[in-house]
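Student: So that we are looking at the same thing, I have put the structure below in structure tokens.
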Amino acid sequence: IEVITSQEKELTVHKKGGERQIIVVRVWNETVANLTLMALGSSAPEILLSIIEIWAKNFEAGELGPGTIVGSAAYNLFVIISLCVMVIPNGQVRKIKHLRVFFVTATWSVFAYVWLYMILAVFSPGIVEVWEGLVTFSFFPATVLTAYAADRRVLYKYLSKDYRMNTRGVIVQAEGHEQTIDVAHYVNEEDAREDAKHEYITILRELRKQHPTADLESLERMAHELLLNRGPKSRAFYRIQATRRLMGSGDILRRISERAQSDLSEVKAEIRRESCSATFNPVIASRVFFDPSHYTVLESCGRFEVRVVRTGDLEEACIVNYITEDGSAQAGSDYVAIRGTLRFQPGENEKFITLEVIDDDVFEQDEHFFVRLSGTVHSSRTLVSPAPATVVILDDDHGGVFRFPAQNHELVESVGTYELKVERCSGARGRVLVPYWTEDGTAKAGKEYETNQGELIFENNESEKLISLFVNEEDSYEKDVLFYVQLGEPRMADEDAVRLVTRAEKKPPNMRTEQEKIALMGRPRLGDVIRAQVRIKESKEFKNTVDKLVQRANASLLIGTSSWKEQFIEALTVNPGDDDEEKSASCMDYALHIITLFWKLLFAFVPPTDIAKGYLCFVVSILCIGVVTAVIGDVASHFGATLGIKDSVTAIVFVALGTSIPDTFASKVAAIQDKYADASIGNVTGSNAVNVFLGIGIAWSIAAIYHSARGELFVVNPGNLAFSVTIFCSGAVLTIMTMMIRRAPIVGGELGGPVCIKYVTSVFLFSLWLLYLILSSLEVYDVIPGF
């Protein structure tokens with residue numbers, strides 16, 4: 001059941017601007033799963049016992065099946081809720097999250113037993129007609145539909161549901177396959193997967209503080225393991241966990257550590273595959289291009305070389321043409337124009353082109369020209385890059401203009417150290433000092449980045465320098481903050497040049513000498529971009545890792561088997577009941593294993609869950625449970641007869657107690673571990689209603705139809721059962737009212753709360769069960785009058 005209901009699928013949604021997004025959603029709605037497969041699976045013994053008893057008694061009414069259904073409902077509602085209220089640690093409370101669904105299922109659970117009384121003692125006393133059985137069964141789909149409507153708020157949304165985005169930008173699930181998202185509406189919806197991402201980040205930060213020397217991959221594995229442990233789990237998961245402990249198969253949570261490491265390895269490998277999946281044309285065997293594609297030279301440098309490289313398949317020879325092209329620099333006055341051919345021999349991977357720059361003594365702006373490659377000769381399998389090499393010629397007769405090459409810079413927080421370039425253009429003469437400093441924006445120094453200030457020293461003919469910026473990695477899932485780097489006024493470091501400029505500034509323009517005029521014109525100054533904006537964003541690889549790990553943070557994936565071999569190995573292996581990996585199995589674990597070994601080996605023959613997505617396993621399991629239930633029914637009848645106990649008492653005391661033991665342990669663990677009360681008590685009411693609608697509805701419909709076909713009446717003695725149902729309904733109303741009263745601020749939730757109130761509630765609910773057992777038993781033995 002857990003494998004079937006935990007299946008997921010990808011759906012494509014449209015945002016308001018037309019942007020497409022793929023989201024992952026569960027195939028099964030949680031409410032529908034709990035009321036159908038889960039209720040059928042967990043209540044299969046009670047339901048099948050009622051059906052098998054009808055068949056075994058030649059379609060005559062029995063007391064064991066219906067009595068077990070009512071007795072089990074009483075135990076579930078009174079004892080399990082009583083236990084769950086009590087086991088919550090002091091000072092903590094648990095509330096039902098899906099209250100609308102609880103109201104619907106609670107109403108149906110009370111109505112189910114009121115309806116049972118009405119068909120026994122009101123509509124046709126002592127006789128169950130065909131329509132009564134069929135209507136009883138039809139209430140089962142009605143329960144599922146109304147609960148689903150409450151869960152999806154269908155009545156409030158006029159049957160219109162789609163995939164929407166709330167004000168946090170989070171996709172929230174609704175109905176429909178591919179819809180346009182309206183951002184402005186339904187702002188109160190929550191997305192569990194988005195919450196899991198934020199929880200993952202919080203856990204990762206806590207672990208980083210606890211283990212400051214651990215590497216990121218180890219921290220991610222530990223965070224994923226904790227996320228699997230803390231994540232929400234279904235009622236089926238807790239039932240499986242409780243059953244495994246009862247038969248010495250160990251705590252299923254022991255698999256989490258192994259699963260976390262496996263998930264992380266698979267995610268890292270997948271991200272590496274995605275990052276390396278750049279398209280490559282297999283027809284093109286090699287590429288020829290400039291490396292690097294940008295050169296900056298002084299006009300006094302004379303000759304210099306540009307590099308051309310060839311990558312890929314080098315077995316063939318190839319010939320590439322090249323030519324220079326004017327930009328702002330003019331051939332003949334600023335550089336020497338050339339054209340020619342490069343011949344790559346087999347195995348040769350680089351060539352050089354020699355260029356020449358023409359020097360002059362005139363102040364001028366920086367200029368540039370291009371070198372371009374053209375098509376290859378004798379080779380159709382070589383791709384020549386169309387991008388030219390750009391050559392910038394710096395004037396060396398000026399102190400220079402200092403600036404950032406770009407105003408906006410974007411980097412990821414995982415970069416660590418970022419080198420921010422400062423350019424010196426329009427001249428490179430002399431030694432120049434350029435001050436710089438950082439300024440806060442939305443990013444704060446000491447938190448997102450480290451403050452930095454100082455001076456850059458440009459030596460004579462040096463054209464660029466780097467400022468080192470240190471970015472702090474916070475492992476943020478979503479980050480978008482910025483800070484600034486400011487350049488100050490540059491000044492010359494040569495004292496003689498400084499004195500010359502200072503003297504020239506004090507003179508009128510017509511009194512300055514030629515040397516002073518040149519000194520003033522050639523002094524360094526700031527350019528157009530002197531303030532750089534640095535934006536820090538989250539690491540895409542880290543974000544992808546979080547997304548993929550959160551998708552896998554589903555404890556349901558720990559459940560299930562892939563082969564019969566795995567099932568038999570697990571059936572024969574003893575594991576400790578505790579989730580401590582270093583702890584060995586106890587004597588009690590071995591004892592429980594030996595007692596249940598026959599059954600574990602027997603049911604290891606059930607098909608693994610990996611076959612047919614778990615559905616084959618489900619069907620075969622139900623059939624096997626039916627066989628075991630038939631045996632238990634006979635054993636229970638013989639047990640009661642041996643002790644002189646009537647079937648009605650045996651059903652409500654012994655059989656009901658036995659069938660509810662796994663639910664008891666499952667609810668106890670769920671109450672302690674879950675943040676909400678839904679998995680522990682929220683599903684009890686729905687299960688109780690389904691027991692009647694399926695167990696009684698199917699069994700009595702079959703019997704009524706059988707007798708009707710033969711012209712007979714299906715007679716059911718209403719006495720003991722009607723009395724038992726009446727007592728149960730009274731207690732059920734009191735229990736549900738108690739749960740609702742406990743939601744008041746003085747307690748704050750259905751489970752836990754102040755110590756005194758917690759124990760009073762628990763004792764009260766348990767006493768309702770004892771009262772139910774005593775009154776029902778006394779009525780069976782005619783100590784008190786019944787109906």
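Naming scheme: A, B, ... for chains in displayed order of the structure tokens; residues 1 onward per chain; ligands 1 onward as shown.
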DSSP on the backbone, helix (DSSP H, G or I) only: what residues of segment 558-698 of chain A does that give? Format it as a VMD selection string.

Tutor: chain A and resid 558 564 to 572 587 to 603 611 to 643 647 to 673 678 to 682 684 to 698

Student: Do a neighbour search on Gln345 of chain A at 10 Å with only C-alpha atoms, toss out local chain neighbours closer than 3 positions, and write the hits as a list of chain:residue names.

Tutor: A:Leu314, A:Glu315, A:Glu316, A:Ala317, A:Cys318, A:Ile319, A:Leu342, A:Glu348, A:Asn349, A:Glu350

Student: If you count only C-alpha atoms, which residues fall within 10 Å of Phe304 of chain A, apart from same-chain ones fewer than 6 positions away, as a ChimeraX atom specification?

Tutor: /A:295,297,352-357

Student: For segment 459-471 of chain A, find every residue with an atom within 9 Å (counting only C-alpha atoms), except residues of its own chain fewer than 3 positions away, and show them as a CSV table (one decimal) with C-alpha atoms, in the first residue's frame.

Tutor:
chain,number,residue,atom,x,y,z
A,296,THR,CA,45.8,44.1,-24.9
A,297,VAL,CA,49.2,45.5,-25.9
A,298,LEU,CA,51.0,48.8,-25.6
A,394,LEU,CA,46.9,51.0,-25.3
A,396,ASP,CA,51.5,54.7,-23.5
A,399,GLY,CA,49.0,58.0,-17.1
A,400,GLY,CA,45.8,56.1,-17.9
A,402,PHE,CA,41.1,53.6,-14.5
A,412,VAL,CA,27.6,32.3,-6.8
A,413,GLU,CA,28.2,32.1,-3.0
A,414,SER,CA,30.3,29.0,-3.4
A,415,VAL,CA,32.9,30.9,-5.5
A,416,GLY,CA,34.9,31.6,-2.3
A,417,THR,CA,37.3,34.3,-3.7
A,418,TYR,CA,36.2,36.4,-6.7
A,419,GLU,CA,38.8,38.4,-8.6
A,420,LEU,CA,37.4,41.8,-9.7
A,421,LYS,CA,39.4,43.3,-12.6
A,422,VAL,CA,40.4,47.0,-12.8
A,423,GLU,CA,41.4,48.2,-16.2
A,424,ARG,CA,43.9,50.9,-17.2
A,425,CYS,CA,43.2,52.3,-20.6
A,427,GLY,CA,47.7,55.1,-21.5
A,428,ALA,CA,50.0,53.2,-19.3
A,429,ARG,CA,52.8,55.6,-18.4
A,430,GLY,CA,54.2,55.8,-14.9
A,431,ARG,CA,53.6,54.2,-11.6
A,432,VAL,CA,50.0,55.0,-10.3
A,433,LEU,CA,48.2,54.3,-7.0
A,436,TYR,CA,39.4,51.1,-3.5
A,438,THR,CA,33.8,47.9,-0.4
A,447,LYS,CA,28.0,37.9,6.9
A,448,GLU,CA,27.7,37.5,3.1
A,449,TYR,CA,31.2,38.9,2.3
A,450,GLU,CA,34.3,40.1,3.9
A,451,THR,CA,35.1,43.9,3.8
A,452,ASN,CA,38.1,44.9,1.8
A,456,LEU,CA,46.2,49.0,-6.3
A,536,ILE,CA,25.7,37.2,-4.8

Student: I want to know what sits within 12 Å of Leu623 of chain A, based on only C-alpha atoms, with residues of the same chain fewer than 3 positions away left out; could you give that as a PyMOL selection string?

Tutor: chain A and resi 41+44-45+48+52+603+606+616-620+626-630

Student: What lies within 10 Å of Ile530 of chain A using only C-alpha atoms, ignoring chain neighbours under 4 positions off, as a list in words?

Tutor: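 Listed by chain and then number, they are Phe402, Arg403, Phe404, Pro405, Ala406, Gln407, Val422, Tyr436, Val485, Gln486, Leu487, Gly488, Glu489 and Leu526 of chain A.
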
Student: Can you build me a table of segment 639-707 of chain A residues sitting at most 10 Å from segment 83-103 of chain A, with the closest atom pair per residue and its distance in Å to one decimal, using only C-alpha atoms, sorted by chain and residue number, as JSON lines?

Tutor:
{"residue": "A:Thr664", "atom": "CA", "partner": "A:Leu83", "partner_atom": "CA", "distance": 8.1}
{"residue": "A:Phe665", "atom": "CA", "partner": "A:Leu83", "partner_atom": "CA", "distance": 9.6}
{"residue": "A:Ser667", "atom": "CA", "partner": "A:Cys84", "partner_atom": "CA", "distance": 6.8}
{"residue": "A:Lys668", "atom": "CA", "partner": "A:Cys84", "partner_atom": "CA", "distance": 5.6}
{"residue": "A:Val669", "atom": "CA", "partner": "A:Cys84", "partner_atom": "CA", "distance": 8.7}
{"residue": "A:Ala670", "atom": "CA", "partner": "A:Cys84", "partner_atom": "CA", "distance": 8.6}
{"residue": "A:Ala671", "atom": "CA", "partner": "A:Cys84", "partner_atom": "CA", "distance": 5.8}
{"residue": "A:Ile672", "atom": "CA", "partner": "A:Ile88", "partner_atom": "CA", "distance": 5.7}
{"residue": "A:Gln673", "atom": "CA", "partner": "A:Ile88", "partner_atom": "CA", "distance": 9.2}
{"residue": "A:Asp674", "atom": "CA", "partner": "A:Arg94", "partner_atom": "CA", "distance": 8.2}
{"residue": "A:Lys675", "atom": "CA", "partner": "A:Arg94", "partner_atom": "CA", "distance": 6.4}
{"residue": "A:Tyr676", "atom": "CA", "partner": "A:Arg94", "partner_atom": "CA", "distance": 5.1}
{"residue": "A:Ala677", "atom": "CA", "partner": "A:Ile96", "partner_atom": "CA", "distance": 4.7}
{"residue": "A:Asp678", "atom": "CA", "partner": "A:Ile96", "partner_atom": "CA", "distance": 5.1}
{"residue": "A:Ala679", "atom": "CA", "partner": "A:Ile96", "partner_atom": "CA", "distance": 8.8}
{"residue": "A:Ser680", "atom": "CA", "partner": "A:Cys84", "partner_atom": "CA", "distance": 7.2}
{"residue": "A:Ile681", "atom": "CA", "partner": "A:Cys84", "partner_atom": "CA", "distance": 7.7}
{"residue": "A:Gly682", "atom": "CA", "partner": "A:Phe102", "partner_atom": "CA", "distance": 6.0}
{"residue": "A:Asn683", "atom": "CA", "partner": "A:Phe102", "partner_atom": "CA", "distance": 7.8}
{"residue": "A:Val684", "atom": "CA", "partner": "A:Phe102", "partner_atom": "CA", "distance": 9.4}
{"residue": "A:Thr685", "atom": "CA", "partner": "A:Phe102", "partner_atom": "CA", "distance": 7.5}
{"residue": "A:Gly686", "atom": "CA", "partner": "A:Phe102", "partner_atom": "CA", "distance": 8.0}

Student: Could you please take those selected residues and save all heavy atoms as a compact mmCIF listing (two decimals), in the first residue's frame?

Tutor:
# COMPACT_ATOMS: atom_id res chain seq x y z
N THR A 664 -2.22 0.01 17.36
CA THR A 664 -1.87 0.64 18.63
C THR A 664 -0.42 1.10 18.63
O THR A 664 -0.12 2.26 18.96
CB THR A 664 -2.09 -0.35 19.78
OG1 THR A 664 -3.44 -0.83 19.75
CG2 THR A 664 -1.84 0.30 21.13
N PHE A 665 0.48 0.22 18.27
CA PHE A 665 1.90 0.58 18.24
C PHE A 665 2.19 1.63 17.18
O PHE A 665 3.00 2.55 17.39
CB PHE A 665 2.75 -0.67 18.00
CG PHE A 665 2.84 -1.58 19.20
CD1 PHE A 665 1.98 -2.65 19.33
CD2 PHE A 665 3.78 -1.35 20.19
CE1 PHE A 665 2.05 -3.49 20.43
CE2 PHE A 665 3.85 -2.18 21.31
CZ PHE A 665 2.99 -3.26 21.43
N SER A 667 0.16 3.96 16.00
CA SER A 667 -0.35 5.26 16.44
C SER A 667 0.53 5.85 17.53
O SER A 667 0.75 7.07 17.57
CB SER A 667 -1.79 5.12 16.93
OG SER A 667 -2.65 4.77 15.88
N LYS A 668 1.04 5.02 18.42
CA LYS A 668 1.92 5.51 19.48
C LYS A 668 3.18 6.15 18.90
O LYS A 668 3.56 7.26 19.27
CB LYS A 668 2.29 4.36 20.42
CG LYS A 668 3.31 4.71 21.49
CD LYS A 668 3.59 3.51 22.37
CE LYS A 668 4.70 3.81 23.38
NZ LYS A 668 6.01 3.97 22.74
N VAL A 669 3.82 5.45 17.96
CA VAL A 669 5.04 5.99 17.34
C VAL A 669 4.72 7.25 16.53
O VAL A 669 5.47 8.23 16.58
CB VAL A 669 5.70 4.92 16.45
CG1 VAL A 669 6.90 5.50 15.71
CG2 VAL A 669 6.13 3.72 17.28
N ALA A 670 3.61 7.21 15.80
CA ALA A 670 3.23 8.37 14.99
C ALA A 670 2.94 9.59 15.87
O ALA A 670 3.29 10.72 15.52
CB ALA A 670 2.01 8.04 14.14
N ALA A 671 2.30 9.38 17.00
CA ALA A 671 1.98 10.49 17.90
C ALA A 671 3.24 11.16 18.42
O ALA A 671 3.32 12.39 18.52
CB ALA A 671 1.14 9.98 19.07
N ILE A 672 4.27 10.37 18.71
CA ILE A 672 5.51 10.92 19.26
C ILE A 672 6.34 11.59 18.17
O ILE A 672 6.87 12.68 18.36
CB ILE A 672 6.33 9.81 19.95
CG1 ILE A 672 5.55 9.25 21.15
CG2 ILE A 672 7.70 10.32 20.39
CD1 ILE A 672 6.18 8.02 21.77
N GLN A 673 6.44 10.96 17.01
CA GLN A 673 7.38 11.41 15.98
C GLN A 673 6.80 12.46 15.03
O GLN A 673 7.55 13.30 14.53
CB GLN A 673 7.88 10.22 15.17
CG GLN A 673 8.71 9.23 15.97
CD GLN A 673 9.28 8.13 15.12
OE1 GLN A 673 9.05 8.06 13.91
NE2 GLN A 673 10.02 7.23 15.73
N ASP A 674 5.51 12.43 14.77
CA ASP A 674 4.92 13.36 13.80
C ASP A 674 4.65 14.72 14.43
O ASP A 674 4.39 14.84 15.63
CB ASP A 674 3.62 12.79 13.24
CG ASP A 674 3.77 12.37 11.79
OD1 ASP A 674 4.92 12.08 11.39
OD2 ASP A 674 2.77 12.31 11.08
N LYS A 675 4.68 15.76 13.58
CA LYS A 675 4.36 17.11 14.05
C LYS A 675 2.87 17.30 14.23
O LYS A 675 2.45 18.20 14.95
CB LYS A 675 4.89 18.15 13.06
CG LYS A 675 6.39 18.22 12.96
CD LYS A 675 6.85 19.41 12.13
CE LYS A 675 6.40 19.29 10.69
NZ LYS A 675 6.94 20.41 9.84
N TYR A 676 2.08 16.46 13.56
CA TYR A 676 0.62 16.60 13.60
C TYR A 676 -0.01 15.30 14.10
O TYR A 676 0.65 14.25 14.17
CB TYR A 676 0.07 16.98 12.23
CG TYR A 676 0.64 18.27 11.69
CD1 TYR A 676 1.65 18.26 10.73
CD2 TYR A 676 0.17 19.50 12.15
CE1 TYR A 676 2.18 19.45 10.23
CE2 TYR A 676 0.69 20.69 11.65
CZ TYR A 676 1.69 20.66 10.70
OH TYR A 676 2.21 21.83 10.22
N ALA A 677 -1.29 15.39 14.41
CA ALA A 677 -1.99 14.23 14.97
C ALA A 677 -2.71 13.41 13.91
O ALA A 677 -3.34 12.40 14.24
CB ALA A 677 -3.00 14.70 16.03
N ASP A 678 -2.63 13.81 12.64
CA ASP A 678 -3.39 13.12 11.59
C ASP A 678 -3.02 11.65 11.48
O ASP A 678 -3.90 10.78 11.39
CB ASP A 678 -3.17 13.81 10.25
CG ASP A 678 -3.65 15.24 10.25
OD1 ASP A 678 -2.98 16.08 10.88
OD2 ASP A 678 -4.69 15.52 9.65
N ALA A 679 -1.72 11.33 11.44
CA ALA A 679 -1.28 9.95 11.23
C ALA A 679 -1.60 9.06 12.42
O ALA A 679 -1.74 7.85 12.28
CB ALA A 679 0.23 9.91 10.96
N SER A 680 -1.73 9.65 13.63
CA SER A 680 -1.99 8.84 14.82
C SER A 680 -3.47 8.66 15.10
O SER A 680 -3.93 7.54 15.37
CB SER A 680 -1.29 9.46 16.03
OG SER A 680 -1.64 10.83 16.16
N ILE A 681 -4.26 9.73 15.07
CA ILE A 681 -5.69 9.60 15.40
C ILE A 681 -6.61 10.09 14.28
O ILE A 681 -7.79 9.77 14.27
CB ILE A 681 -6.04 10.36 16.70
CG1 ILE A 681 -5.90 11.88 16.49
CG2 ILE A 681 -5.17 9.88 17.84
CD1 ILE A 681 -6.47 12.69 17.62
N GLY A 682 -6.06 10.88 13.36
CA GLY A 682 -6.91 11.47 12.31
C GLY A 682 -7.54 10.44 11.41
O GLY A 682 -8.60 10.67 10.82
N ASN A 683 -6.88 9.27 11.27
CA ASN A 683 -7.39 8.25 10.36
C ASN A 683 -8.26 7.21 11.06
O ASN A 683 -8.83 6.34 10.40
CB ASN A 683 -6.22 7.54 9.67
CG ASN A 683 -5.43 8.48 8.80
OD1 ASN A 683 -6.00 9.28 8.07
ND2 ASN A 683 -4.11 8.42 8.88
N VAL A 684 -8.34 7.28 12.39
CA VAL A 684 -9.13 6.30 13.14
C VAL A 684 -10.60 6.38 12.76
O VAL A 684 -11.27 5.36 12.54
CB VAL A 684 -8.94 6.51 14.66
CG1 VAL A 684 -9.97 5.71 15.45
CG2 VAL A 684 -7.53 6.11 15.07
N THR A 685 -11.12 7.60 12.67
CA THR A 685 -12.56 7.76 12.38
C THR A 685 -12.89 7.25 10.99
O THR A 685 -13.92 6.58 10.79
CB THR A 685 -12.94 9.24 12.50
OG1 THR A 685 -12.05 10.03 11.69
CG2 THR A 685 -12.84 9.71 13.94
N GLY A 686 -12.04 7.57 10.01
CA GLY A 686 -12.29 7.09 8.66
C GLY A 686 -12.25 5.57 8.58
O GLY A 686 -13.08 4.94 7.90

Student: Please report the interatomic distance between atom CA of Thr31 of chain A and atom CA of Tyr148 of chain A in Å with one decimal.

Tutor: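 Computing the Euclidean distance for atom CA of Thr31 of chain A and atom CA of Tyr148 of chain A yields 6.2 Å.
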
Student: Record the distance separating atom CA of Val104 of chain A and atom CA of Val70 of chain A, expressed in Å with one decimal.

Tutor: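 Separating atom CA of Val104 of chain A from atom CA of Val70 of chain A is a distance of 19.6 Å.
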
Student: Take atom CA of Gly753 of chain A and atom CA of Ala732 of chain A and report the distance between them in Å, one decimal.

Tutor: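 Atom CA of Gly753 of chain A sits 21.4 Å away from atom CA of Ala732 of chain A.
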